[in-house]
Amino acid sequence: MTNVVGVRFKKAGKIYYFDPGEIALEMGDGVIVETARGVEYGEVVVAPRMVEDEEVVTPLKKVVRKADSEDRAKVDENRQKEREAFKICQEKIAAHGLPMKLVDVEYTFDVGKIIFYFTAEGRVDFRELVKDLASVFRTRIELRQIGVRDEAKMLGGLGACGRVLCCSSFLGDFDPVSIRMAKEQNLSLNPTKISGICGRLMCCLRYENDAYEDARERLPSPGDTVKTPGGQGRVIGANILKETVTVEFPDKQVAVFELEEVNRRS
């Protein structure tokens with residue numbers, strides 16, 4: 001077993017484990033940690049606890065220190081720098097005539113690197129842009145191309161349900177979503193109905209998918225012959241949410257039964 005603390009660097013971002021050492025930490029505390037990108041500021045979202053060794057990616061890095069007021073002031077200062085860097089980068093992209101859309105800018109806590117996130121239809125030769133930006137900011141520059149889902153996660157917004165986007169409010173990772181899930185839930189396959197603002201299938205299609213799959217295994221399929229309190233008939237429909245079955249009898253009469261009332265015959 002290993003003692004770990006879960007740290008998140010962005011709202012709804014992925015949770016990373018660190019070794020808290022002897023530092024007393026609680027949920028909501030700010031911490032300074034060393035990552036592959038450099039020194040970063042993060043927030044404790046999982047209080048120190050013991051986990052199985054296989055859940056930890058070794059070597060586990062230690063928390064440098066608990067953040068203080070000066071560290072939080074530094075974070076606020078970096079946010080202002082990011083806004084300024086965003087404007088400068090947009091101007092440079094326009095000057096170079098590059099077919100790319102700048103989405104976000106991020107400074108590492110120690111200002112050792114600036115990461116520019118962008119979207120583009122294809123590959124972009126941004127070597128000259130990097131040189132130009134490096135001459136302005138005089139630090140390491142990284143341009144990272146992201147997908148439309150990541151763009152929606154960074155920018156946020158409201159979904160068709162009227163709530164804040166799941167990806168920008170609580171989803172740490174994107175789980176695979178397929179058109180089969182929409183079919184399983186008897187949803188319209190109209191792309192405008194089952195796509196999020198990112199243009200991809202809505203993440204929420206996955207939330208109830210397991211429940212639908214379980215219900216489909218228990219419910220008879222259309223065409224099955226079943227025995228009911230009204231006699232033997234053929235299944236012509238099923239309501240997964242209500243767990244009811246619509247049965248047609250030989251005399252062409254139709255009736256709806258609860259799942260418990262139906263005994264599959266063949």
# chains A, B, ... in the order shown; residues from 1 in each chain; ligands from 1
>>> select_by_dssp(residues="stretch 23-161 of chain A", states="strand (DSSP E or B)", output="ChimeraX atom specification")
/A:30-35,38-51,62-66,101-107,113-119,140-145,158
>>> residues_around(residues="A:Lys153", least_positions_apart="3", cutoff="12 Å", atoms="only C-alpha atoms", output="MDAnalysis selection string")
chainID A and resid 10:14 103:104 146:150 156:159 164:174 196:198 203
>>> atom_distance(atom1="atom CA of A:Ile236", atom2="atom CA of A:Asp210")
23.4 Å
>>> closest_residue(among="A:Leu219, A:Met181, A:Leu241, A:Leu129", to="A:Leu205", atoms="only C-alpha atoms")
A:Met181
>>> residues_around(residues="A:Tyr107", least_positions_apart="6", cutoff="12 Å", atoms="only C-alpha atoms", output="NGL selection string")
:A and (9 or 37-41 or 74-86 or 113-117 or 137 or 139-142)
>>> residues_around(residues="A:Val262", least_positions_apart="6", cutoff="9 Å", atoms="only C-alpha atoms", output="NGL selection string")
:A and (220 or 226-229 or 245)
>>> atom_distance(atom1="atom CA of A:Met27", atom2="atom CA of A:Thr2")
18.3 Å
>>> residues_around(residues="A:Val247", least_positions_apart="6", cutoff="8 Å", atoms="only C-alpha atoms", output="list in words")
Gly233, Arg234, Val235, Ile236, Gly237, Val254, Ala255, Val256 and Phe257 of chain A
>>> closest_residue(among="A:Val56, A:Leu201, A:Val44, A:Ile240", to="A:Gly28", atoms="only C-alpha atoms")
A:Val44
>>> closest_residue(among="A:Asn190, A:Ser69, A:Ser221, A:Thr108", to="A:Asn239", atoms="only C-alpha atoms")
A:Ser221
>>> atom_distance(atom1="atom CA of A:Leu25", atom2="atom CA of A:Arg8")
13.9 Å
>>> closest_residue(among="A:Met100, A:Ala47, A:Ala182, A:Val64", to="A:Phe118", atoms="only C-alpha atoms")
A:Met100
>>> select_by_dssp(residues="stretch 101-139 of chain A", states="helix (DSSP H, G or I)", output="list in words")
Arg127, Glu128, Leu129, Val130, Lys131, Asp132, Leu133, Ala134, Ser135, Val136 and Phe137 of chain A
>>> closest_residue(among="A:Met1, A:Pro250, A:Lys193, A:Arg127", to="A:Glu52", atoms="only C-alpha atoms")
A:Met1
